[in-house]
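**Student:** I have a structure I would like to understand better, so I am pasting it below and will then ask my questions one at a time.
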Amino acid sequence: MKAISLRAGLGSILFWSVISAAFIGPGSVTACAIAGSRYGLDLLWVLTFATLGTVWLQEAASRITLTTGRDLGQVIRQSYSEPTGRRVAWALFGAIFLGCAAYQAGNILGAVAGLSLLTGLPAPTLTVVVGIGCAALLWIGSTQGLANMLGLVVFAMGGAFVYVAFGTPVTPLALTKALVVPTMPSGSLLLINGLIGTTIVPYNLFFGSSISPNQSLADMRLGIWVAVVLGGIISVVLLLAGLLIPNDFTYAHMATVLAERLGTWAGTLFAFGLFAAGFASSLTAPLAAAITATSLLNVPRNSPTFRLIWALVLATGIGFGLANATPIPVIVAVQAINGILLPFVTVFLFRAVNDRALLGEHVNSLSQNLAMGLVVLVTAVLGGWNIWLAIAS
């Protein structure tokens with residue numbers, strides 16, 4: 001019995017690693033390294049908050065699916081009478097679609113930046129290659145195996161960063177304090193929203209809910225906790241590695257630092273890992289937008305409408321690549337956009353997971369409500385503050 005339970009637990013961890021792999025993309029690499037380069041340890045607490053927030057929100061979304069047999073989008077729409085339910089579904093889909101399109105811009109630019117480091121070819125040419133590859137895989141539906149393989153490359157890159165992070169002059173006491181004590185250095189608000197948006201990925205709530213396997217609540221919780229915390233640790237070491245770049249962060253500079261610390265292979269691994277993270281996420285974001293449409297709007301899978309949705313998201317990213325946009329500021333901005341959109345999405349999740357008629361004894365406990373409420377409140381305040389500053393300027 002223990003062997004079966006252990007096997008189920010390991011299987012759940014491997015399954016839910018799709019969530020951590022989804023947020024360890026070009027956005028995480030860029031935002032975390034820039035945070036370390038510009039602000040030292042001052043923004044580490046954001047990664048603690050965002051990692052725990054991902055666990056709390058993803059657990060709630062998956063608990064709804066395992067308890068009701070319906071995914072999050074179906075539950076939200078069916079909890080309202082018509083036409084309110086339809087309006088809510090369209091509003092939520094609009095937010096998720098916008099977020100996925102924004103992510104896709106960063107995903108394509110990140111993948112192209114990695115390939116550019118490897119090949120030296122111009123960005124527009126590489127954008128066409130990446131775009132055709134993504135479109136072909138999405139059309140035939142063969143994305144999961146490749147995404148898993150590329151995810152392994154990303155985690156290998158994370159392992160290299162772990163080694164590099166041990167070489168930074170940071171004491172355990174300073175690290176522990178920075179992980180739990182909030183500070184907001186001047187000019188860091190956009191990056192704070194970016195760190196939150198690149199970790200608590202709004203579309204993952206619908207994506208993870210729609211693919212939740214038939215497993216026990218205990219196995220689901222174990223899988224999400226371990227997988228997401230491992231992803232959070234990679235984000236932390238990415239920030240620590242950024243400490244080694246005292247001037248403005250660039251991908252070329254990061255590759256050089258890794259090559260100097262570990263050897264030429266590490267710089268190459270970083271370049272390929274950046275491409276792998278961008279390409280894997282470039283498959284996930286369009287697919288997540290289409291799956292969310294299936295969940296919220298009853299769009300049949302692999303229908304013309306389903307394919308049109310992922311094609312529009314993909315086209316957004318390709319457009320940024322063909323425009324030869326500078327990747328780093330775009331990536332930071334689009335992560336911040338998703339951080340600002342997050343509270344709008346989580347309010348509906350909060351309402352659904354407290355519906356006793358729907359979940360019975362599996363509704364949120366007081367501690368779960370306090371945790372989710374903290375995520376909604378903090379992200380709403382930070383996002384609103386960011387919008388206000390943008391309008392004022």
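Numbering starts fresh at 1 for the residues of each chain in the structure tokens, the chains themselves are lettered A, B, ... in the order given, and ligands are numbered from 1 as they appear.
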What parts of segment 283-345 of chain A does DSSP call alpha helix (DSSP H)? I'd like the answer as a ChimeraX atom specification.

**Tutor:** /A:283-297,304-322,327-345

**Student:** Pick out the residues sitting within 6 Å of segment 205-209 of chain A, and hand them over as a PyMOL selection string; count only C-alpha atoms, and ignore anything fewer than 6 positions along from it in its own chain.

**Tutor:** chain A and resi 58+61-62+71-72+288

**Student:** Sorted by chain and rising residue number, which residues of segment 207-310 of chain A lie within 10 Å of segment 314-330 of chain A, and what are their closest atom pairs and distances in Å to one decimal, counting only C-alpha atoms, as CSV?

**Tutor:**
residue,atom,partner,partner_atom,distance
A:Phe249,CA,A:Ile328,CA,8.7
A:Thr250,CA,A:Ile328,CA,7.8
A:Tyr251,CA,A:Ile328,CA,8.7
A:Ser282,CA,A:Leu314,CA,7.4
A:Leu283,CA,A:Leu314,CA,8.5
A:Ala285,CA,A:Leu314,CA,8.3
A:Pro286,CA,A:Leu314,CA,6.0
A:Leu287,CA,A:Leu314,CA,9.4
A:Leu308,CA,A:Leu314,CA,9.8
A:Ile309,CA,A:Leu314,CA,8.7
A:Trp310,CA,A:Leu314,CA,6.1

**Student:** Per residue of segment 158-241 of chain A within 12 Å of segment 85-101 of chain A, record the nearest atom pair and its distance in Å to one decimal, counting only C-alpha atoms, with rows in chain order and ascending residue number, as a Markdown table.

**Tutor:**
| residue | atom | partner | partner_atom | distance |
| --- | --- | --- | --- | --- |
| A:Gly197 | CA | A:Gly99 | CA | 9.5 |
| A:Thr198 | CA | A:Gly99 | CA | 10.8 |
| A:Ile200 | CA | A:Gly99 | CA | 11.9 |
| A:Val201 | CA | A:Gly99 | CA | 8.8 |
| A:Pro202 | CA | A:Ile96 | CA | 6.9 |
| A:Tyr203 | CA | A:Ile96 | CA | 5.9 |
| A:Asn204 | CA | A:Ile96 | CA | 9.7 |
| A:Leu205 | CA | A:Ile96 | CA | 10.1 |
| A:Phe206 | CA | A:Ile96 | CA | 9.1 |
| A:Phe207 | CA | A:Ile96 | CA | 10.6 |

**Student:** Please identify all polymer residues within 12 Å of Pro26 of chain A, counting only C-alpha atoms, omitting same-chain residues fewer than 6 positions from it, and present them as a PyMOL selection string.

**Tutor:** chain A and resi 32-34+103-114+154+194-195+198-199+235+238+251+270-282+327-332+334-335

**Student:** For the selection just defined, write its residues with C-alpha atoms to a file, as a CSV table (one decimal), in the first residue's frame.

**Tutor:**
chain,number,residue,atom,x,y,z
A,32,CYS,CA,14.2,37.4,-11.9
A,33,ALA,CA,17.6,38.1,-13.3
A,34,ILE,CA,16.8,41.8,-13.7
A,103,TYR,CA,2.7,36.3,-22.8
A,104,GLN,CA,3.1,35.1,-26.3
A,105,ALA,CA,4.9,38.2,-27.3
A,106,GLY,CA,7.5,37.5,-24.6
A,107,ASN,CA,7.6,33.8,-25.4
A,108,ILE,CA,8.4,34.3,-29.1
A,109,LEU,CA,10.9,37.1,-28.3
A,110,GLY,CA,12.6,34.9,-25.7
A,111,ALA,CA,12.8,31.9,-28.0
A,112,VAL,CA,14.2,34.1,-30.8
A,113,ALA,CA,16.7,35.7,-28.4
A,114,GLY,CA,18.0,32.3,-27.4
A,154,VAL,CA,14.8,24.4,-18.9
A,194,GLY,CA,6.1,41.4,-13.5
A,195,LEU,CA,7.5,38.9,-11.0
A,198,THR,CA,5.3,35.5,-14.5
A,199,THR,CA,4.8,33.2,-11.5
A,235,SER,CA,13.1,31.5,-9.7
A,238,LEU,CA,17.7,33.0,-11.2
A,251,TYR,CA,21.1,37.9,-22.3
A,270,PHE,CA,21.7,29.1,-21.2
A,271,ALA,CA,21.1,30.1,-24.8
A,272,PHE,CA,19.5,26.8,-25.7
A,273,GLY,CA,17.5,26.9,-22.4
A,274,LEU,CA,16.2,30.4,-23.1
A,275,PHE,CA,15.1,29.1,-26.5
A,276,ALA,CA,13.6,26.0,-25.0
A,277,ALA,CA,11.7,28.0,-22.3
A,278,GLY,CA,10.4,30.4,-25.0
A,279,PHE,CA,9.4,27.7,-27.5
A,280,ALA,CA,7.7,25.5,-24.9
A,281,SER,CA,5.8,28.5,-23.5
A,282,SER,CA,4.9,29.5,-27.1
A,327,PRO,CA,12.9,41.6,-26.0
A,328,ILE,CA,13.7,42.5,-22.4
A,329,PRO,CA,11.5,45.6,-21.9
A,330,VAL,CA,8.6,43.9,-23.7
A,331,ILE,CA,8.9,40.7,-21.6
A,332,VAL,CA,8.9,42.7,-18.3
A,334,VAL,CA,3.8,41.8,-20.6
A,335,GLN,CA,4.5,39.9,-17.3

**Student:** Name all residues at most 12 Å from Ala136 of chain A (count only C-alpha atoms; drop same-chain ones fewer than 3 positions away) and give them as a list in words.

**Tutor:**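 So, after excluding close chain neighbours, the residues are Val129, Val130, Gly131, Ile132, Gly133, Trp139, Ile140, Gly141, Ser142, Thr143, Leu283, Arg307, Trp310, Ala311 and Leu314 of chain A.
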
**Student:** Please determine, counting only C-alpha atoms, which residue among A:Thr67, A:Ala156, A:Ala227, A:Ala293 has the shortest atom-to-atom distance to Thr51 of chain A.

**Tutor:**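 For Thr51 of chain A, the nearest of the given residues is A:Ala227.
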
**Student:** From the list A:Gln78, A:Thr294, A:Asn193, A:Thr256, which residue is nearest Phe49 of chain A when using only C-alpha atoms?

**Tutor:**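 Between A:Gln78, A:Thr294, A:Asn193, A:Thr256, the residue approaching Phe49 of chain A most closely is A:Asn193.
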
**Student:** In Å, with one decimal, what is the gap from atom CA of Glu361 of chain A to atom CA of Ser81 of chain A?

**Tutor:**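 Separation of atom CA of Glu361 of chain A and atom CA of Ser81 of chain A: 23.8 Å.
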
**Student:** Counting only C-alpha atoms, give me one row per residue of segment 10-110 of chain A with an atom at most 9 Å from an atom of segment 176-182 of chain A, showing the shortest contact pair and its distance in Å to one decimal, sorted by chain then residue number, as JSON lines.

**Tutor:**
{"residue": "A:Leu41", "atom": "CA", "partner": "A:Ala178", "partner_atom": "CA", "distance": 5.9}
{"residue": "A:Asp42", "atom": "CA", "partner": "A:Ala178", "partner_atom": "CA", "distance": 6.2}
{"residue": "A:Leu43", "atom": "CA", "partner": "A:Ala178", "partner_atom": "CA", "distance": 7.4}
{"residue": "A:Leu44", "atom": "CA", "partner": "A:Leu179", "partner_atom": "CA", "distance": 5.1}
{"residue": "A:Trp45", "atom": "CA", "partner": "A:Leu179", "partner_atom": "CA", "distance": 4.3}
{"residue": "A:Val46", "atom": "CA", "partner": "A:Pro182", "partner_atom": "CA", "distance": 7.5}
{"residue": "A:Leu47", "atom": "CA", "partner": "A:Leu179", "partner_atom": "CA", "distance": 7.6}
{"residue": "A:Thr48", "atom": "CA", "partner": "A:Leu179", "partner_atom": "CA", "distance": 6.1}
{"residue": "A:Phe49", "atom": "CA", "partner": "A:Val180", "partner_atom": "CA", "distance": 8.5}

**Student:** Write a file of the just-selected residues containing N, CA, C and O atoms, as a short mmCIF file (atom, residue, chain, number, x, y, z; two decimals), in the first residue's frame.

**Tutor:**
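Dumped everything to again-v8.cif:
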data_model
loop_
_atom_site.label_atom_id
_atom_site.label_comp_id
_atom_site.auth_asym_id
_atom_site.auth_seq_id
_atom_site.Cartn_x
_atom_site.Cartn_y
_atom_site.Cartn_z
N LEU A 41 18.86 41.70 -3.29
CA LEU A 41 17.92 40.76 -2.66
C LEU A 41 16.57 41.40 -2.33
O LEU A 41 15.68 40.72 -1.80
N ASP A 42 16.41 42.68 -2.63
CA ASP A 42 15.25 43.42 -2.13
C ASP A 42 13.90 42.89 -2.62
O ASP A 42 12.87 43.12 -1.98
N LEU A 43 13.87 42.19 -3.76
CA LEU A 43 12.59 41.72 -4.29
C LEU A 43 12.40 40.20 -4.15
O LEU A 43 11.47 39.64 -4.73
N LEU A 44 13.25 39.56 -3.34
CA LEU A 44 13.09 38.12 -3.14
C LEU A 44 11.75 37.78 -2.50
O LEU A 44 11.15 36.73 -2.79
N TRP A 45 11.26 38.64 -1.61
CA TRP A 45 9.98 38.37 -0.95
C TRP A 45 8.84 38.22 -1.96
O TRP A 45 7.87 37.49 -1.68
N VAL A 46 8.94 38.90 -3.10
CA VAL A 46 7.90 38.81 -4.12
C VAL A 46 7.80 37.37 -4.63
O VAL A 46 6.70 36.85 -4.87
N LEU A 47 8.93 36.69 -4.78
CA LEU A 47 8.93 35.30 -5.25
C LEU A 47 8.33 34.37 -4.21
O LEU A 47 7.64 33.41 -4.56
N THR A 48 8.57 34.64 -2.92
CA THR A 48 7.91 33.86 -1.86
C THR A 48 6.40 34.02 -1.95
O THR A 48 5.65 33.03 -1.95
N PHE A 49 5.95 35.26 -2.04
CA PHE A 49 4.52 35.54 -2.13
C PHE A 49 3.91 34.91 -3.38
O PHE A 49 2.86 34.27 -3.33
#
